[in-house]
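Shown below: structure10.cif, with mmCIF, N, CA and C atoms.
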```
data_protein
#
loop_
_atom_site.label_atom_id
_atom_site.label_comp_id
_atom_site.auth_asym_id
_atom_site.auth_seq_id
_atom_site.Cartn_x
_atom_site.Cartn_y
_atom_site.Cartn_z
N MET A 1 91.40 99.75 79.20
CA MET A 1 91.03 99.89 80.58
C MET A 1 92.20 99.56 81.51
N GLY A 2 92.83 98.39 81.34
CA GLY A 2 93.94 98.06 82.21
C GLY A 2 94.56 96.72 81.87
N CYS A 3 95.73 96.47 82.44
CA CYS A 3 96.37 95.16 82.27
C CYS A 3 97.24 94.87 83.49
N LEU A 4 97.49 93.60 83.69
CA LEU A 4 98.34 93.11 84.77
C LEU A 4 99.05 91.87 84.25
N ARG A 5 100.36 91.83 84.40
CA ARG A 5 101.12 90.68 83.94
C ARG A 5 101.42 89.76 85.11
N LEU A 6 101.22 88.47 84.92
CA LEU A 6 101.54 87.44 85.91
C LEU A 6 102.64 86.56 85.33
N THR A 7 103.72 86.38 86.09
CA THR A 7 104.86 85.61 85.61
C THR A 7 105.27 84.58 86.65
N PRO A 8 105.28 83.29 86.28
CA PRO A 8 105.81 82.29 87.22
C PRO A 8 107.33 82.41 87.27
N TYR A 9 107.93 81.77 88.28
CA TYR A 9 109.39 81.75 88.40
C TYR A 9 109.97 81.15 87.13
N ILE A 10 110.91 81.66 86.52
CA ILE A 10 111.96 82.61 86.80
C ILE A 10 111.39 84.01 86.49
N PHE A 11 111.41 84.88 87.51
CA PHE A 11 110.80 86.19 87.41
C PHE A 11 111.67 87.17 86.63
N GLU A 12 111.00 88.17 86.05
CA GLU A 12 111.75 89.29 85.48
C GLU A 12 112.57 89.97 86.58
N LEU A 13 111.99 90.04 87.78
CA LEU A 13 112.69 90.68 88.90
C LEU A 13 114.05 90.05 89.18
N SER A 14 114.15 88.75 88.97
CA SER A 14 115.42 88.08 89.26
C SER A 14 116.53 88.55 88.32
N GLU A 15 116.15 89.08 87.17
CA GLU A 15 117.14 89.62 86.24
C GLU A 15 117.45 91.08 86.53
N LEU A 16 116.54 91.78 87.20
CA LEU A 16 116.69 93.21 87.45
C LEU A 16 117.25 93.53 88.83
N CYS A 17 117.19 92.56 89.73
CA CYS A 17 117.53 92.83 91.12
C CYS A 17 118.12 91.58 91.76
N ASP A 18 119.24 91.74 92.46
CA ASP A 18 119.87 90.58 93.07
C ASP A 18 119.96 90.68 94.59
N VAL A 19 119.04 91.42 95.21
CA VAL A 19 119.09 91.58 96.67
C VAL A 19 118.46 90.40 97.41
N LEU A 20 117.71 89.56 96.71
CA LEU A 20 117.07 88.39 97.32
C LEU A 20 117.42 87.14 96.53
N ASP A 21 117.29 86.01 97.18
CA ASP A 21 117.37 84.75 96.47
C ASP A 21 115.95 84.44 95.98
N TRP A 22 115.70 84.72 94.73
CA TRP A 22 114.35 84.61 94.18
C TRP A 22 113.83 83.17 94.18
N ARG A 23 114.71 82.19 94.33
CA ARG A 23 114.25 80.80 94.40
C ARG A 23 113.35 80.59 95.61
N ASP A 24 113.51 81.43 96.64
CA ASP A 24 112.65 81.34 97.83
C ASP A 24 111.19 81.70 97.51
N PHE A 25 110.94 82.25 96.33
CA PHE A 25 109.60 82.69 95.95
C PHE A 25 109.03 81.86 94.81
N GLN A 26 109.59 80.67 94.56
CA GLN A 26 109.13 79.83 93.46
C GLN A 26 107.66 79.45 93.57
N HIS A 27 107.13 79.48 94.79
CA HIS A 27 105.74 79.10 95.02
C HIS A 27 104.78 80.29 94.83
N LYS A 28 105.32 81.42 94.37
CA LYS A 28 104.51 82.61 94.14
C LYS A 28 104.58 83.03 92.68
N VAL A 29 103.67 83.91 92.30
CA VAL A 29 103.63 84.46 90.95
C VAL A 29 104.05 85.93 91.03
N GLU A 30 104.90 86.33 90.11
CA GLU A 30 105.29 87.74 90.07
C GLU A 30 104.17 88.55 89.42
N ILE A 31 103.76 89.62 90.09
CA ILE A 31 102.82 90.56 89.47
C ILE A 31 103.63 91.73 88.95
N GLY A 32 103.24 92.22 87.81
CA GLY A 32 103.96 93.35 87.24
C GLY A 32 103.13 94.05 86.19
N ARG A 33 103.59 95.23 85.88
CA ARG A 33 102.98 96.01 84.81
C ARG A 33 101.49 96.27 85.05
N LEU A 34 101.13 96.54 86.31
CA LEU A 34 99.74 96.92 86.58
C LEU A 34 99.55 98.34 86.06
N VAL A 35 98.83 98.44 84.97
CA VAL A 35 98.61 99.73 84.30
C VAL A 35 97.11 99.87 84.09
N THR A 36 96.56 101.01 84.50
CA THR A 36 95.13 101.22 84.34
C THR A 36 94.83 102.60 83.78
N ASP A 37 93.66 102.73 83.20
CA ASP A 37 93.16 104.01 82.73
C ASP A 37 92.58 104.74 83.94
N PRO A 38 93.17 105.86 84.34
CA PRO A 38 92.70 106.54 85.55
C PRO A 38 91.28 107.08 85.44
N SER A 39 90.74 107.16 84.23
CA SER A 39 89.37 107.66 84.09
C SER A 39 88.33 106.58 84.37
N VAL A 40 88.77 105.32 84.52
CA VAL A 40 87.85 104.22 84.82
C VAL A 40 88.12 103.75 86.25
N LYS A 41 87.09 103.80 87.09
CA LYS A 41 87.26 103.47 88.52
C LYS A 41 87.47 101.98 88.78
N ASN A 42 88.34 101.70 89.74
CA ASN A 42 88.52 100.37 90.32
C ASN A 42 89.05 99.29 89.37
N VAL A 43 89.60 99.67 88.24
CA VAL A 43 90.12 98.66 87.31
C VAL A 43 91.27 97.88 87.94
N GLY A 44 92.18 98.58 88.61
CA GLY A 44 93.31 97.90 89.25
C GLY A 44 92.86 96.92 90.30
N LYS A 45 91.90 97.32 91.13
CA LYS A 45 91.37 96.43 92.17
C LYS A 45 90.76 95.18 91.55
N LYS A 46 89.99 95.38 90.49
CA LYS A 46 89.35 94.24 89.83
C LYS A 46 90.38 93.31 89.21
N LEU A 47 91.41 93.89 88.58
CA LEU A 47 92.47 93.05 88.00
C LEU A 47 93.19 92.25 89.08
N MET A 48 93.52 92.89 90.19
CA MET A 48 94.20 92.18 91.29
C MET A 48 93.33 91.06 91.83
N MET A 49 92.05 91.33 92.04
CA MET A 49 91.16 90.31 92.59
C MET A 49 90.96 89.17 91.60
N LEU A 50 90.74 89.49 90.33
CA LEU A 50 90.57 88.44 89.33
C LEU A 50 91.84 87.62 89.15
N ALA A 51 92.98 88.27 89.20
CA ALA A 51 94.25 87.53 89.10
C ALA A 51 94.39 86.56 90.26
N GLY A 52 94.09 87.03 91.47
CA GLY A 52 94.16 86.14 92.64
C GLY A 52 93.21 84.97 92.52
N ILE A 53 91.98 85.24 92.12
CA ILE A 53 90.99 84.16 91.96
C ILE A 53 91.47 83.17 90.91
N TYR A 54 91.94 83.67 89.78
CA TYR A 54 92.40 82.79 88.71
C TYR A 54 93.55 81.90 89.18
N ILE A 55 94.54 82.50 89.84
CA ILE A 55 95.71 81.73 90.29
C ILE A 55 95.29 80.68 91.33
N VAL A 56 94.44 81.05 92.28
CA VAL A 56 93.99 80.10 93.31
C VAL A 56 93.22 78.94 92.69
N GLU A 57 92.35 79.25 91.76
CA GLU A 57 91.49 78.22 91.16
C GLU A 57 92.20 77.33 90.14
N ASN A 58 93.27 77.82 89.53
CA ASN A 58 93.86 77.10 88.40
C ASN A 58 95.31 76.67 88.57
N THR A 59 95.94 77.01 89.70
CA THR A 59 97.35 76.67 89.88
C THR A 59 97.61 76.25 91.33
N ASP A 60 98.84 75.90 91.61
CA ASP A 60 99.25 75.58 92.98
C ASP A 60 100.06 76.70 93.62
N PHE A 61 100.15 77.85 92.95
CA PHE A 61 100.89 78.97 93.51
C PHE A 61 100.21 79.46 94.78
N LYS A 62 101.02 80.03 95.71
CA LYS A 62 100.52 80.40 97.04
C LYS A 62 100.38 81.89 97.27
N GLY A 63 100.82 82.72 96.32
CA GLY A 63 100.73 84.16 96.53
C GLY A 63 101.41 84.94 95.43
N PHE A 64 101.59 86.23 95.70
CA PHE A 64 102.21 87.14 94.75
C PHE A 64 103.52 87.68 95.30
N VAL A 65 104.40 88.09 94.40
CA VAL A 65 105.59 88.85 94.73
C VAL A 65 105.73 89.90 93.63
N GLY A 66 106.24 91.07 93.98
CA GLY A 66 106.41 92.12 92.99
C GLY A 66 107.15 93.30 93.57
N VAL A 67 107.17 94.37 92.83
CA VAL A 67 107.76 95.62 93.30
C VAL A 67 106.77 96.75 93.08
N CYS A 68 106.91 97.78 93.90
CA CYS A 68 106.11 98.98 93.70
C CYS A 68 106.89 100.19 94.19
N LYS A 69 106.51 101.34 93.70
CA LYS A 69 107.09 102.59 94.19
C LYS A 69 106.51 102.88 95.56
N SER A 70 107.27 103.57 96.41
CA SER A 70 106.84 103.80 97.79
C SER A 70 105.51 104.53 97.87
N GLU A 71 105.21 105.40 96.91
CA GLU A 71 103.94 106.13 96.97
C GLU A 71 102.72 105.25 96.66
N LYS A 72 102.94 104.04 96.19
CA LYS A 72 101.84 103.12 95.87
C LYS A 72 101.66 102.02 96.92
N ILE A 73 102.49 102.01 97.96
CA ILE A 73 102.45 100.89 98.90
C ILE A 73 101.11 100.77 99.62
N ASP A 74 100.48 101.88 99.97
CA ASP A 74 99.18 101.80 100.66
C ASP A 74 98.14 101.10 99.80
N TYR A 75 98.20 101.30 98.50
CA TYR A 75 97.28 100.64 97.58
C TYR A 75 97.44 99.12 97.68
N PHE A 76 98.68 98.65 97.64
CA PHE A 76 98.93 97.21 97.67
C PHE A 76 98.70 96.61 99.06
N LYS A 77 98.88 97.40 100.11
CA LYS A 77 98.61 96.89 101.46
C LYS A 77 97.13 96.55 101.64
N LYS A 78 96.25 97.20 100.91
CA LYS A 78 94.82 96.87 100.98
C LYS A 78 94.56 95.44 100.54
N PHE A 79 95.47 94.88 99.78
CA PHE A 79 95.35 93.50 99.30
C PHE A 79 96.14 92.53 100.17
N GLY A 80 96.70 93.00 101.26
CA GLY A 80 97.47 92.12 102.14
C GLY A 80 98.92 91.99 101.76
N MET A 81 99.37 92.82 100.81
CA MET A 81 100.77 92.79 100.42
C MET A 81 101.59 93.46 101.52
N LYS A 82 102.79 92.94 101.77
CA LYS A 82 103.66 93.56 102.76
C LYS A 82 105.03 93.81 102.15
N VAL A 83 105.69 94.81 102.67
CA VAL A 83 107.03 95.20 102.20
C VAL A 83 108.06 94.28 102.84
N ILE A 84 108.98 93.76 102.02
CA ILE A 84 110.02 92.88 102.55
C ILE A 84 111.43 93.38 102.24
N SER A 85 111.53 94.66 101.84
CA SER A 85 112.85 95.21 101.53
C SER A 85 112.88 96.70 101.82
N GLU A 86 114.09 97.21 101.89
CA GLU A 86 114.28 98.66 101.84
C GLU A 86 114.09 99.07 100.38
N GLU A 87 114.10 100.36 100.11
CA GLU A 87 114.03 100.80 98.72
C GLU A 87 115.23 100.27 97.96
N ILE A 88 114.97 99.77 96.77
CA ILE A 88 116.02 99.19 95.94
C ILE A 88 116.01 99.83 94.55
N SER A 89 117.11 99.67 93.85
CA SER A 89 117.20 100.09 92.45
C SER A 89 117.04 98.86 91.58
N LEU A 90 116.40 99.03 90.44
CA LEU A 90 116.30 97.97 89.45
C LEU A 90 117.12 98.37 88.23
N LYS A 91 117.83 97.42 87.67
CA LYS A 91 118.67 97.70 86.50
C LYS A 91 117.85 98.36 85.40
N GLY A 92 118.35 99.49 84.91
CA GLY A 92 117.72 100.16 83.79
C GLY A 92 116.50 101.00 84.13
N ARG A 93 116.20 101.15 85.42
CA ARG A 93 115.03 101.96 85.82
C ARG A 93 115.49 103.09 86.73
N PRO A 94 114.95 104.29 86.51
CA PRO A 94 115.43 105.44 87.28
C PRO A 94 114.86 105.56 88.69
N HIS A 95 113.76 104.90 88.98
CA HIS A 95 113.09 105.05 90.28
C HIS A 95 113.56 104.02 91.29
N LYS A 96 113.23 104.27 92.55
CA LYS A 96 113.46 103.30 93.63
C LYS A 96 112.17 102.52 93.84
N TYR A 97 112.32 101.26 94.26
CA TYR A 97 111.17 100.37 94.44
C TYR A 97 111.26 99.63 95.77
N LEU A 98 110.12 99.15 96.21
CA LEU A 98 110.03 98.27 97.37
C LEU A 98 109.60 96.89 96.87
N ILE A 99 110.16 95.84 97.44
CA ILE A 99 109.72 94.49 97.10
C ILE A 99 108.55 94.16 98.02
N ILE A 100 107.47 93.67 97.43
CA ILE A 100 106.26 93.35 98.18
C ILE A 100 105.87 91.90 97.91
N THR A 101 105.20 91.31 98.88
CA THR A 101 104.75 89.92 98.73
C THR A 101 103.54 89.68 99.60
N SER A 102 102.82 88.64 99.28
CA SER A 102 101.69 88.21 100.11
C SER A 102 101.34 86.78 99.75
N ASN A 103 100.69 86.12 100.69
CA ASN A 103 100.10 84.83 100.36
C ASN A 103 98.60 85.05 100.18
N PHE A 104 97.95 84.13 99.53
CA PHE A 104 96.55 84.33 99.20
C PHE A 104 95.65 84.33 100.43
N ARG A 105 96.05 83.65 101.48
CA ARG A 105 95.25 83.67 102.71
C ARG A 105 95.19 85.09 103.29
N ALA A 106 96.34 85.75 103.38
CA ALA A 106 96.39 87.13 103.88
C ALA A 106 95.64 88.07 102.94
N MET A 107 95.76 87.82 101.65
CA MET A 107 95.06 88.68 100.69
C MET A 107 93.55 88.54 100.85
N ARG A 108 93.07 87.31 100.98
CA ARG A 108 91.62 87.09 101.18
C ARG A 108 91.13 87.84 102.40
N LYS A 109 91.87 87.71 103.50
CA LYS A 109 91.49 88.36 104.75
C LYS A 109 91.41 89.88 104.58
N ASN A 110 92.45 90.49 104.00
CA ASN A 110 92.46 91.94 103.85
C ASN A 110 91.40 92.44 102.89
N VAL A 111 91.17 91.73 101.80
CA VAL A 111 90.13 92.14 100.86
C VAL A 111 88.77 92.08 101.55
N MET A 112 88.52 91.03 102.32
CA MET A 112 87.24 90.90 103.01
C MET A 112 87.08 91.99 104.07
N ILE A 113 88.13 92.29 104.81
CA ILE A 113 88.06 93.36 105.82
C ILE A 113 87.79 94.71 105.16
N ASN A 114 88.49 95.00 104.08
CA ASN A 114 88.26 96.26 103.37
C ASN A 114 86.85 96.34 102.82
N PHE A 115 86.36 95.25 102.26
CA PHE A 115 85.00 95.22 101.72
C PHE A 115 83.99 95.42 102.84
N ALA A 116 84.18 94.72 103.95
CA ALA A 116 83.25 94.84 105.08
C ALA A 116 83.25 96.26 105.66
N SER A 117 84.43 96.88 105.75
CA SER A 117 84.48 98.24 106.30
C SER A 117 83.77 99.23 105.39
N ARG A 118 83.82 98.99 104.09
CA ARG A 118 83.08 99.86 103.17
C ARG A 118 81.58 99.64 103.31
N LEU A 119 81.18 98.39 103.47
CA LEU A 119 79.76 98.09 103.66
C LEU A 119 79.23 98.73 104.94
N ALA A 120 80.04 98.72 105.98
CA ALA A 120 79.62 99.26 107.27
C ALA A 120 79.34 100.76 107.18
N LYS A 121 79.93 101.42 106.21
CA LYS A 121 79.73 102.86 106.05
C LYS A 121 78.47 103.19 105.25
N LEU A 122 77.87 102.19 104.61
CA LEU A 122 76.66 102.43 103.82
C LEU A 122 75.46 102.61 104.73
N PRO A 123 74.57 103.53 104.38
CA PRO A 123 73.37 103.75 105.20
C PRO A 123 72.26 102.75 104.86
N PHE A 124 72.33 101.56 105.46
CA PHE A 124 71.30 100.55 105.21
C PHE A 124 70.00 100.95 105.87
N LYS A 125 68.91 100.61 105.24
CA LYS A 125 67.58 100.91 105.78
C LYS A 125 66.86 99.60 106.05
N SER A 126 66.17 99.55 107.17
CA SER A 126 65.37 98.39 107.51
C SER A 126 64.08 98.45 106.70
N LYS A 127 63.69 97.37 106.05
CA LYS A 127 62.44 97.35 105.28
C LYS A 127 61.23 97.40 106.20
N GLU A 128 61.37 96.79 107.39
CA GLU A 128 60.24 96.73 108.30
C GLU A 128 59.93 98.06 108.95
N LYS A 129 60.94 98.73 109.49
CA LYS A 129 60.71 99.95 110.24
C LYS A 129 61.11 101.20 109.47
N ASN A 130 61.77 101.00 108.31
CA ASN A 130 62.26 102.11 107.51
C ASN A 130 63.20 103.00 108.31
N GLU A 131 64.03 102.36 109.15
CA GLU A 131 64.99 103.08 109.99
C GLU A 131 66.39 102.79 109.49
N SER A 132 67.25 103.70 109.71
CA SER A 132 68.66 103.49 109.36
C SER A 132 69.27 102.51 110.36
N LEU A 133 70.03 101.55 109.85
CA LEU A 133 70.67 100.55 110.72
C LEU A 133 72.09 100.96 111.08
N SER A 134 72.57 102.04 110.53
CA SER A 134 73.97 102.41 110.83
C SER A 134 74.05 103.37 112.00
#
```
I need this file expressed as structure tokens, please.
Amino acid sequence: MGCLRLTPYIFELSELCDVLDWRDFQHKVEIGRLVTDPSVKNVGKKLMMLAGIYIVENTDFKGFVGVCKSEKIDYFKKFGMKVISEEISLKGRPHKYLIITSNFRAMRKNVMINFASRLAKLPFKSKEKNESLS
């Protein structure tokens, strides 16, 4: 179905890219290798949410840092991730990437906003009057 790798500092990224001082991100966990089966819906979202919950509940880390291809940035922005670099090259990889990061407070806020906006689009019915509330 899917997998997501979480790596505490010293990150794999620190070996592949030297555009940042990765020590500034010691309080975050590197996310990487988010791979999902496209035939199964929402696996990536569930992995991201479960990873965040696990890290918040079991560690003192404050957020995530990682890289993504520019065509995937909108996906990660839904989780409160923001871009902190221009497109960069990683050693041994043919594609260009963006460095992304977020703290768990911003992620919580964005996940809740996205969830609420989806709920607002549902046609709720009142049990008393059997009327649509939307």
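Within the file as shown, the PyMOL selection byres ((chain A and resi 81-94) around 8) identifies A:Glu15, A:Leu16, A:Cys17, A:Asp18, A:Phe64, A:Ser70, A:Ile73, A:Tyr75, A:Phe76, A:Lys77, A:Lys78, A:Phe79, A:Gly80, A:His95, A:Lys96, A:Tyr97, A:Leu98, A:Ile99, A:Ile100, A:Thr101, A:Ser102, A:Asn103, A:Ala106, A:Met107, A:Asn110.
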Just need the box for stretch 2-16 of chain A, edges along x, y and z, holding every atom the file lists for it with 3 Å tacked onto each side, so centre and edge lengths in Å to one decimal, as JSON.
```
{"center_x": 105.1, "center_y": 89.8, "center_z": 85.3, "size_x": 30.6, "size_y": 23.2, "size_z": 13.9}
```
Matched chain/residue IDs from the PyMOL selection byres ((chain A and resi 44-60) around 8), as a PDB file with N, CA and C atoms, keeping the file's coordinate frame:
```pdb
ATOM      1  N   MET A   1      91.400  99.750  79.200  1.00  0.00           N
ATOM      2  CA  MET A   1      91.030  99.890  80.580  1.00  0.00           C
ATOM      3  C   MET A   1      92.200  99.560  81.510  1.00  0.00           C
ATOM      4  N   GLY A   2      92.830  98.390  81.340  1.00  0.00           N
ATOM      5  CA  GLY A   2      93.940  98.060  82.210  1.00  0.00           C
ATOM      6  C   GLY A   2      94.560  96.720  81.870  1.00  0.00           C
ATOM      7  N   CYS A   3      95.730  96.470  82.440  1.00  0.00           N
ATOM      8  CA  CYS A   3      96.370  95.160  82.270  1.00  0.00           C
ATOM      9  C   CYS A   3      97.240  94.870  83.490  1.00  0.00           C
ATOM     10  N   LEU A   4      97.490  93.600  83.690  1.00  0.00           N
ATOM     11  CA  LEU A   4      98.340  93.110  84.770  1.00  0.00           C
ATOM     12  C   LEU A   4      99.050  91.870  84.250  1.00  0.00           C
ATOM     13  N   LEU A   6     101.220  88.470  84.920  1.00  0.00           N
ATOM     14  CA  LEU A   6     101.540  87.440  85.910  1.00  0.00           C
ATOM     15  C   LEU A   6     102.640  86.560  85.330  1.00  0.00           C
ATOM     16  N   HIS A  27     107.130  79.480  94.790  1.00  0.00           N
ATOM     17  CA  HIS A  27     105.740  79.100  95.020  1.00  0.00           C
ATOM     18  C   HIS A  27     104.780  80.290  94.830  1.00  0.00           C
ATOM     19  N   LYS A  28     105.320  81.420  94.370  1.00  0.00           N
ATOM     20  CA  LYS A  28     104.510  82.610  94.140  1.00  0.00           C
ATOM     21  C   LYS A  28     104.580  83.030  92.680  1.00  0.00           C
ATOM     22  N   LEU A  34     101.130  96.540  86.310  1.00  0.00           N
ATOM     23  CA  LEU A  34      99.740  96.920  86.580  1.00  0.00           C
ATOM     24  C   LEU A  34      99.550  98.340  86.060  1.00  0.00           C
ATOM     25  N   VAL A  35      98.830  98.440  84.970  1.00  0.00           N
ATOM     26  CA  VAL A  35      98.610  99.730  84.300  1.00  0.00           C
ATOM     27  C   VAL A  35      97.110  99.870  84.090  1.00  0.00           C
ATOM     28  N   THR A  36      96.560 101.010  84.500  1.00  0.00           N
ATOM     29  CA  THR A  36      95.130 101.220  84.340  1.00  0.00           C
ATOM     30  C   THR A  36      94.830 102.600  83.780  1.00  0.00           C
ATOM     31  N   ASP A  37      93.660 102.730  83.200  1.00  0.00           N
ATOM     32  CA  ASP A  37      93.160 104.010  82.730  1.00  0.00           C
ATOM     33  C   ASP A  37      92.580 104.740  83.940  1.00  0.00           C
ATOM     34  N   VAL A  40      88.770 105.320  84.520  1.00  0.00           N
ATOM     35  CA  VAL A  40      87.850 104.220  84.820  1.00  0.00           C
ATOM     36  C   VAL A  40      88.120 103.750  86.250  1.00  0.00           C
ATOM     37  N   LYS A  41      87.090 103.800  87.090  1.00  0.00           N
ATOM     38  CA  LYS A  41      87.260 103.470  88.520  1.00  0.00           C
ATOM     39  C   LYS A  41      87.470 101.980  88.780  1.00  0.00           C
ATOM     40  N   ASN A  42      88.340 101.700  89.740  1.00  0.00           N
ATOM     41  CA  ASN A  42      88.520 100.370  90.320  1.00  0.00           C
ATOM     42  C   ASN A  42      89.050  99.290  89.370  1.00  0.00           C
ATOM     43  N   VAL A  43      89.600  99.670  88.240  1.00  0.00           N
ATOM     44  CA  VAL A  43      90.120  98.660  87.310  1.00  0.00           C
ATOM     45  C   VAL A  43      91.270  97.880  87.940  1.00  0.00           C
ATOM     46  N   PHE A  61     100.150  77.850  92.950  1.00  0.00           N
ATOM     47  CA  PHE A  61     100.890  78.970  93.510  1.00  0.00           C
ATOM     48  C   PHE A  61     100.210  79.460  94.780  1.00  0.00           C
ATOM     49  N   LYS A  62     101.020  80.030  95.710  1.00  0.00           N
ATOM     50  CA  LYS A  62     100.520  80.400  97.040  1.00  0.00           C
ATOM     51  C   LYS A  62     100.380  81.890  97.270  1.00  0.00           C
ATOM     52  N   GLY A  63     100.820  82.720  96.320  1.00  0.00           N
ATOM     53  CA  GLY A  63     100.730  84.160  96.530  1.00  0.00           C
ATOM     54  C   GLY A  63     101.410  84.940  95.430  1.00  0.00           C
ATOM     55  N   PHE A 104      97.950  84.130  99.530  1.00  0.00           N
ATOM     56  CA  PHE A 104      96.550  84.330  99.200  1.00  0.00           C
ATOM     57  C   PHE A 104      95.650  84.330 100.430  1.00  0.00           C
TER      58      PHE A 104
END
```
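Across the model, the gap from atom C of A:Gly66 to atom CA of A:Ile10 is 13.5 Å.
Atom CA of A:Thr7 to atom CA of A:Arg33 spans 10.6 Å [interatomic distance, one decimal].
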Exercise for review: Enumerate, as number ranges by chain, the complete set of residues in chain A that a backbone-based DSSP assignment places in alpha helix (DSSP H).
Suggested key: A: 13-16, 43-58, 73-77, 104-120
Exercise for review: as number ranges by chain, please: all residues of chain A that backbone DSSP puts in strand (DSSP E).
Suggested key: A: 2-7, 28-36, 63-68, 82-83, 88-89, 96-103
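The interatomic distance for the pair atom C of A:Val65 and atom N of A:Val29 works out to 6.5 Å.
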